[in-house]
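Structure file coords-v7.txt; described as compact mmCIF, C-alpha atoms.
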# COMPACT_ATOMS: atom_id res chain seq x y z
CA ALA A 1 108.54 120.53 92.06
CA LYS A 2 109.22 118.47 88.94
CA ALA A 3 108.37 115.30 90.86
CA PHE A 4 104.97 116.67 91.92
CA LYS A 5 104.13 117.62 88.33
CA TYR A 6 105.35 114.31 86.96
CA ALA A 7 103.24 112.42 89.49
CA ALA A 8 100.08 114.38 88.72
CA ASP A 9 100.60 114.05 84.96
CA ASN A 10 101.19 110.30 85.13
CA GLY A 11 98.26 109.06 87.18
CA ALA A 12 99.30 109.39 90.83
CA VAL A 13 96.59 110.65 93.19
CA ILE A 14 98.35 110.23 96.57
CA MET A 15 101.44 112.21 97.55
CA GLN A 16 103.21 110.47 100.45
CA CYS A 17 105.36 113.13 102.12
CA SER A 18 107.67 111.91 104.88
CA TRP A 19 109.34 115.32 104.92
CA GLY A 20 108.71 118.88 106.00
CA TYR A 21 110.12 121.84 107.92
CA ASN A 22 110.51 121.93 111.68
CA SER A 23 107.58 123.19 113.71
CA ALA A 24 107.53 126.90 114.50
CA TYR A 25 107.56 125.85 118.16
CA SER A 26 110.65 123.66 117.90
CA ASN A 27 113.05 124.08 120.82
CA ILE A 28 116.14 125.87 119.55
CA MET A 29 117.98 124.78 122.71
CA GLN A 30 117.61 121.18 121.53
CA GLY A 31 119.20 121.99 118.21
CA TYR A 32 116.05 122.57 116.14
CA THR A 33 115.70 125.61 113.91
CA PRO A 34 112.05 126.74 114.06
CA GLY A 35 110.18 126.61 110.75
CA PRO A 36 107.32 128.71 109.33
CA ALA A 37 104.71 129.82 111.86
CA SER A 38 101.78 130.37 109.48
CA GLN A 39 100.45 129.41 106.08
CA GLU A 40 101.33 132.87 104.79
CA GLU A 41 104.93 132.60 106.03
CA TRP A 42 105.35 129.19 104.37
CA GLU A 43 103.86 130.44 101.09
CA ARG A 44 106.19 133.46 101.06
CA GLY A 45 109.24 131.33 101.86
CA ALA A 46 108.54 128.45 99.49
CA PRO A 47 106.40 129.74 96.59
CA LEU A 48 107.57 127.14 94.06
CA GLU A 49 106.91 124.33 96.54
CA LYS A 50 103.40 125.69 97.17
CA ASP A 51 102.70 126.01 93.45
CA ALA A 52 103.88 122.44 92.84
CA LEU A 53 101.68 121.06 95.61
CA ASP A 54 98.74 123.09 94.28
CA TYR A 55 99.35 121.60 90.85
CA PHE A 56 99.21 118.10 92.30
CA THR A 57 96.15 118.60 94.48
CA HIS A 58 94.21 120.39 91.71
CA ASN A 59 95.31 118.47 88.61
CA ALA A 60 95.92 114.87 89.67
CA GLY A 61 93.15 112.39 89.05
CA SER A 62 90.42 112.93 86.51
CA PRO A 63 86.88 114.33 86.43
CA ASN A 64 85.84 110.96 84.97
CA GLY A 65 87.89 108.88 87.39
CA VAL A 66 87.54 107.77 91.00
CA ILE A 67 88.81 111.08 92.37
CA ASP A 68 89.25 114.51 90.86
CA GLY A 69 92.44 115.90 92.40
CA GLY A 70 95.29 114.53 94.49
CA ILE A 71 95.65 114.15 98.25
CA ALA A 72 98.88 115.17 100.03
CA ILE A 73 99.66 113.37 103.30
CA PHE A 74 102.51 114.69 105.48
CA ALA A 75 104.44 113.72 108.59
CA ALA A 76 103.64 116.15 111.41
CA GLY A 77 107.27 116.37 112.58
CA ASN A 78 109.49 114.96 115.31
CA GLU A 79 110.43 117.91 117.53
CA SER A 80 107.97 117.21 120.39
CA ALA A 81 106.51 120.60 119.50
CA PRO A 82 102.89 121.77 120.04
CA MET A 83 102.26 122.45 116.34
CA ALA A 84 102.75 120.51 113.11
CA GLY A 85 105.48 121.54 110.72
CA TYR A 86 104.73 122.96 107.29
CA PRO A 87 103.82 122.08 104.58
CA GLY A 88 101.82 119.44 106.49
CA ALA A 89 100.13 122.04 108.70
CA TYR A 90 98.56 123.66 105.62
CA ASN A 91 94.78 123.29 105.82
CA GLU A 92 94.40 121.44 102.50
CA TYR A 93 96.72 118.57 103.47
CA ILE A 94 96.61 115.76 106.03
CA SER A 95 99.28 115.90 108.75
CA VAL A 96 99.95 112.68 110.70
CA THR A 97 101.04 112.42 114.33
CA SER A 98 102.67 109.31 115.82
CA VAL A 99 101.60 106.87 118.51
CA ALA A 100 104.00 104.40 120.14
CA PRO A 101 103.27 100.65 120.53
CA ASP A 102 101.75 101.43 123.95
CA GLY A 103 98.96 103.31 122.14
CA LEU A 104 100.06 106.64 123.59
CA PRO A 105 101.71 109.62 121.88
CA ALA A 106 105.30 108.88 120.90
CA TYR A 107 107.67 111.09 122.88
CA TYR A 108 108.99 112.82 119.74
CA THR A 109 105.72 113.54 117.91
CA ASN A 110 104.52 117.03 117.15
CA TYR A 111 100.91 117.71 118.14
CA GLY A 112 98.38 120.52 118.25
CA PRO A 113 97.40 122.95 115.46
CA GLY A 114 97.85 121.58 111.96
CA CYS A 115 97.64 117.92 113.05
CA ASN A 116 94.80 115.86 111.55
CA VAL A 117 95.08 112.17 112.45
CA ALA A 118 97.38 109.73 114.31
CA ALA A 119 98.99 106.46 113.19
CA PRO A 120 101.62 104.01 114.48
CA GLY A 121 105.11 105.50 114.22
CA GLY A 122 107.17 103.38 116.59
CA GLU A 123 109.24 104.23 119.63
CA TYR A 124 112.73 102.87 120.29
CA LYS A 125 112.40 102.34 124.02
CA THR A 126 108.76 101.54 124.63
CA ASN A 127 108.75 99.33 127.75
CA TRP A 128 112.43 100.29 128.06
CA ASP A 129 113.89 97.03 126.76
CA THR A 130 111.88 96.42 123.58
CA PRO A 131 112.59 98.32 120.35
CA GLY A 132 108.98 98.91 119.34
CA CYS A 133 109.83 100.35 115.94
CA VAL A 134 108.63 100.10 112.36
CA LEU A 135 110.58 97.89 109.96
CA SER A 136 111.42 100.14 107.03
CA THR A 137 113.31 99.94 103.78
CA MET A 138 116.72 101.61 103.66
CA PRO A 139 119.41 102.23 101.04
CA THR A 140 121.56 99.14 100.71
CA ASN A 141 125.31 98.68 100.80
CA LYS A 142 127.62 95.78 101.55
CA ALA A 143 127.07 96.23 105.29
CA SER A 144 123.27 96.51 105.35
CA SER A 145 120.30 94.34 104.48
CA GLY A 146 118.17 97.15 103.08
CA TYR A 147 115.92 97.17 106.16
CA ALA A 148 116.10 98.90 109.52
CA LEU A 149 113.92 99.53 112.55
CA MET A 150 112.88 103.18 112.54
CA GLN A 151 110.70 105.59 114.50
CA GLY A 152 109.09 108.90 113.59
CA THR A 153 106.09 110.61 112.10
CA SER A 154 107.71 109.64 108.80
CA MET A 155 106.84 106.06 109.77
CA ALA A 156 103.27 107.00 110.80
CA CYS A 157 102.54 108.99 107.65
CA PRO A 158 102.84 106.03 105.20
CA HIS A 159 100.21 104.11 107.20
CA VAL A 160 97.71 106.82 106.31
CA SER A 161 98.88 106.99 102.69
CA GLY A 162 98.41 103.23 102.44
CA ILE A 163 94.90 103.48 103.89
CA ALA A 164 94.08 106.25 101.40
CA ALA A 165 95.23 103.89 98.63
CA LEU A 166 92.93 101.16 99.97
CA ALA A 167 90.03 103.62 99.99
CA ILE A 168 90.63 104.71 96.41
CA SER A 169 91.05 101.09 95.29
CA TYR A 170 87.79 100.13 97.02
CA ALA A 171 86.02 103.06 95.38
CA MET A 172 87.33 102.01 91.96
CA ASP A 173 86.20 98.40 92.44
CA ASN A 174 82.71 99.50 93.49
CA GLY A 175 82.02 102.29 91.02
CA ILE A 176 82.25 105.03 93.65
CA THR A 177 83.50 108.52 92.84
CA LEU A 178 84.93 110.79 95.50
CA THR A 179 85.81 114.44 95.72
CA LEU A 180 89.03 115.34 97.46
CA PRO A 181 87.21 116.87 100.48
CA GLU A 182 85.11 113.69 100.77
CA LEU A 183 88.19 111.45 100.85
CA LYS A 184 89.90 113.67 103.41
CA ASP A 185 86.78 113.67 105.59
CA ILE A 186 86.49 109.87 105.39
CA ILE A 187 90.10 109.46 106.53
CA VAL A 188 90.07 111.92 109.42
CA SER A 189 86.67 110.73 110.70
CA SER A 190 87.48 106.98 110.60
CA VAL A 191 89.34 106.90 113.89
CA HIS A 192 89.35 105.80 117.51
CA SER A 193 89.63 108.61 120.03
CA LEU A 194 92.88 108.74 121.98
CA ASP A 195 91.64 111.22 124.57
CA PRO A 196 90.27 108.66 127.07
CA TYR A 197 93.81 107.28 127.46
CA LEU A 198 95.56 110.63 127.74
CA THR A 199 95.70 110.95 131.49
CA GLY A 200 98.56 110.70 133.93
CA PHE A 201 102.17 110.48 132.84
CA LYS A 202 104.39 108.42 130.57
CA VAL A 203 108.14 107.83 130.84
CA ASN A 204 110.06 109.75 128.18
CA PRO A 205 112.82 107.46 126.84
CA GLU A 206 115.06 110.52 126.52
CA GLY A 207 114.54 111.46 130.17
CA GLY A 208 111.79 112.70 132.44
CA THR A 209 108.09 112.15 131.85
CA LEU A 210 105.38 113.27 129.45
CA ASN A 211 102.19 114.82 130.83
CA LEU A 212 99.65 112.98 128.70
CA SER A 213 96.85 115.46 129.38
CA SER A 214 98.78 118.02 127.33
CA TYR A 215 98.05 115.90 124.23
CA GLN A 216 94.28 115.75 124.72
CA GLY A 217 92.46 116.96 121.61
CA LYS A 218 95.80 117.66 119.91
CA MET A 219 96.80 114.40 118.19
CA GLY A 220 94.36 115.01 115.38
CA THR A 221 90.91 113.43 115.39
CA GLY A 222 92.22 110.11 116.72
CA LEU A 223 93.98 106.88 115.72
CA ILE A 224 93.34 105.91 112.09
CA ASP A 225 91.28 102.75 111.45
CA ALA A 226 91.53 101.14 108.01
CA TYR A 227 88.38 99.06 108.50
CA GLN A 228 86.32 102.14 109.31
CA VAL A 229 87.68 103.91 106.22
CA LEU A 230 86.52 101.08 103.98
Could the structure of this file be written out as structure tokens, please?
Amino acid sequence: AKAFKYAADNGAVIMQCSWGYNSAYSNIMQGYTPGPASQEEWERGAPLEKDALDYFTHNAGSPNGVIDGGIAIFAAGNESAPMAGYPGAYNEYISVTSVAPDGLPAYYTNYGPGCNVAAPGGEYKTNWDTPGCVLSTMPTNKASSGYALMQGTSMACPHVSGIAALAISYAMDNGITLTLPELKDIIVSSVHSLDPYLTGFKVNPEGGTLNLSSYQGKMGTGLIDAYQVL
């Protein structure tokens, strides 16, 4: 909560959130504890968290600046569940699903209600023998380089945060002012539809297959496109 307030009070207007609770539809048999099932349940269970996010979204930015308010962008979750996890599923935030390098839903991504847009998140065993992952920074020690190949909606989410930063930078350079709803609408509408490709089946690297039709209309509006945003 202190970090959200500090960010809003010191000029940040984008909250990059590669964290969240499990989806309410997480499979307990796979070791996931289901998270909140509704906005009301999340608000009751995490009131300070909600207040801190409200403070950021309502008080970041400036009425005389590029944007009045702050945008919160969340990872949708990695439980292969048909609903985003909270807080990302809250209707004022953007929740990001993950596509693999094959352009199809990553086997682990959450999808369905609460999901707003898709971005590249990597997949360890795309094409079986190629680690199609995202090179990410990691804590360093004597045995590590500070980088590692990772997968997850936590890898997809920063793509969208980076594109939001490009949009705000472009607006600043061109004397454009945006409201928070306008910026959110620009991001979620600047996409390529995934639905035409969501037919048939895909091999699940953890075993079995994924029925791609079950993801139709549920990966958010589509795959984010930075050029369209600008």
- Task: Find the residues near stretch 25-35 of chain A: any atom within 6 Å, counting all atoms listed in the file, skip ones fewer than 3 places away on the same chain, and give them as a ChimeraX atom specification.
- Result: /A:21-22,79,81
- Message: Residues near stretch 189-203 of chain A, anyone? I mean within 12 Å using only C-alpha atoms, not counting same-chain ones fewer than 5 positions away, as a PyMOL selection string.
- Response: chain A and resi 97-100+102-107+116-119+123+125-128+160+163-164+167+181-184+208-230
- Task: Pick out the residues sitting within 8 Å of stretch 170-178 of chain A, and hand them over as a ChimeraX atom specification; count only C-alpha atoms, and ignore anything fewer than 6 positions along from it in its own chain.
- Result: /A:65-68,230
- Message: What does the structure give for the distance between atom CA of A:Thr57 and atom CA of A:Pro113, in Å to one decimal?
- Response: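 Rounded to one decimal, the two atoms are 21.5 Å apart.
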- In terms of the shortest atom-to-atom distance over all atoms listed in the file, which of A:Ser161, A:Thr140, A:Ser62, A:Ser38 is closest to A:Ala84?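 Looking at the shortest contact to A:Ala84, the residue is A:Ser38.
Atom CA of A:Asp51 is found 14.4 Å from atom CA of A:Gly69.
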- d(atom CA of A:Ile186, atom CA of A:His159) in Å: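 Those two atoms sit 15.0 Å apart.
Closest approach to A:Ile168 from the set A:Ala148, A:Val96, A:Leu180, A:Leu135 is made by A:Leu180, with distances taken over only C-alpha atoms.
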- Task: Rank nothing, just name the residue among A:Pro63, A:Pro101, A:Ser154, A:Tyr55 nearest to A:Gly20, using only C-alpha atoms.
- Result: A:Ser154
- Task: Rank nothing, just name the residue among A:Pro82, A:Gly162, A:Gly61, A:Pro139 nearest to A:Ser23, using all atoms listed in the file.
- Result: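 Among A:Pro82, A:Gly162, A:Gly61, A:Pro139, it is A:Pro82 that comes nearest to A:Ser23.
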Could you pull out every residue with an atom within 12 Å of (102.7, 116.0, 87.4), file coordinates, counting all atoms listed in the file, and send them as a PDB file with C-alpha atoms, keeping the file's coordinate frame?
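What ended up in result.pdb:
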ATOM      1  CA  ALA A   1     108.540 120.530  92.060  1.00  0.00           C
ATOM      2  CA  LYS A   2     109.220 118.470  88.940  1.00  0.00           C
ATOM      3  CA  ALA A   3     108.370 115.300  90.860  1.00  0.00           C
ATOM      4  CA  PHE A   4     104.970 116.670  91.920  1.00  0.00           C
ATOM      5  CA  LYS A   5     104.130 117.620  88.330  1.00  0.00           C
ATOM      6  CA  TYR A   6     105.350 114.310  86.960  1.00  0.00           C
ATOM      7  CA  ALA A   7     103.240 112.420  89.490  1.00  0.00           C
ATOM      8  CA  ALA A   8     100.080 114.380  88.720  1.00  0.00           C
ATOM      9  CA  ASP A   9     100.600 114.050  84.960  1.00  0.00           C
ATOM     10  CA  ASN A  10     101.190 110.300  85.130  1.00  0.00           C
ATOM     11  CA  GLY A  11      98.260 109.060  87.180  1.00  0.00           C
ATOM     12  CA  ALA A  12      99.300 109.390  90.830  1.00  0.00           C
ATOM     13  CA  VAL A  13      96.590 110.650  93.190  1.00  0.00           C
ATOM     14  CA  ILE A  14      98.350 110.230  96.570  1.00  0.00           C
ATOM     15  CA  MET A  15     101.440 112.210  97.550  1.00  0.00           C
ATOM     16  CA  ASP A  51     102.700 126.010  93.450  1.00  0.00           C
ATOM     17  CA  ALA A  52     103.880 122.440  92.840  1.00  0.00           C
ATOM     18  CA  LEU A  53     101.680 121.060  95.610  1.00  0.00           C
ATOM     19  CA  ASP A  54      98.740 123.090  94.280  1.00  0.00           C
ATOM     20  CA  TYR A  55      99.350 121.600  90.850  1.00  0.00           C
ATOM     21  CA  PHE A  56      99.210 118.100  92.300  1.00  0.00           C
ATOM     22  CA  THR A  57      96.150 118.600  94.480  1.00  0.00           C
ATOM     23  CA  HIS A  58      94.210 120.390  91.710  1.00  0.00           C
ATOM     24  CA  ASN A  59      95.310 118.470  88.610  1.00  0.00           C
ATOM     25  CA  ALA A  60      95.920 114.870  89.670  1.00  0.00           C
ATOM     26  CA  GLY A  61      93.150 112.390  89.050  1.00  0.00           C
ATOM     27  CA  GLY A  69      92.440 115.900  92.400  1.00  0.00           C
ATOM     28  CA  GLY A  70      95.290 114.530  94.490  1.00  0.00           C
TER      29      GLY A  70
END
- Message: Restricting the calculation to all atoms listed in the file: of A:Met83, A:Tyr108, A:Val134, A:Asn91, which residue gets closest to A:Gly207?
- Response: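 With all atoms listed in the file as the atom set, the closest residue is A:Tyr108.
For the choices A:Tyr86, A:Ser144, A:Ser18, A:Ala75, the atom-to-atom distance to A:Glu41 is smallest for A:Tyr86 when using all atoms listed in the file.
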- Message: Need to verify the contact set: A:Met150, 10 Å, only C-alpha atoms, exclusion of same-chain residues closer than 2 positions in sequence. Can you return it as a PyMOL selection string?
- Response: chain A and resi 121-124+131-138+147-148+152+154-155
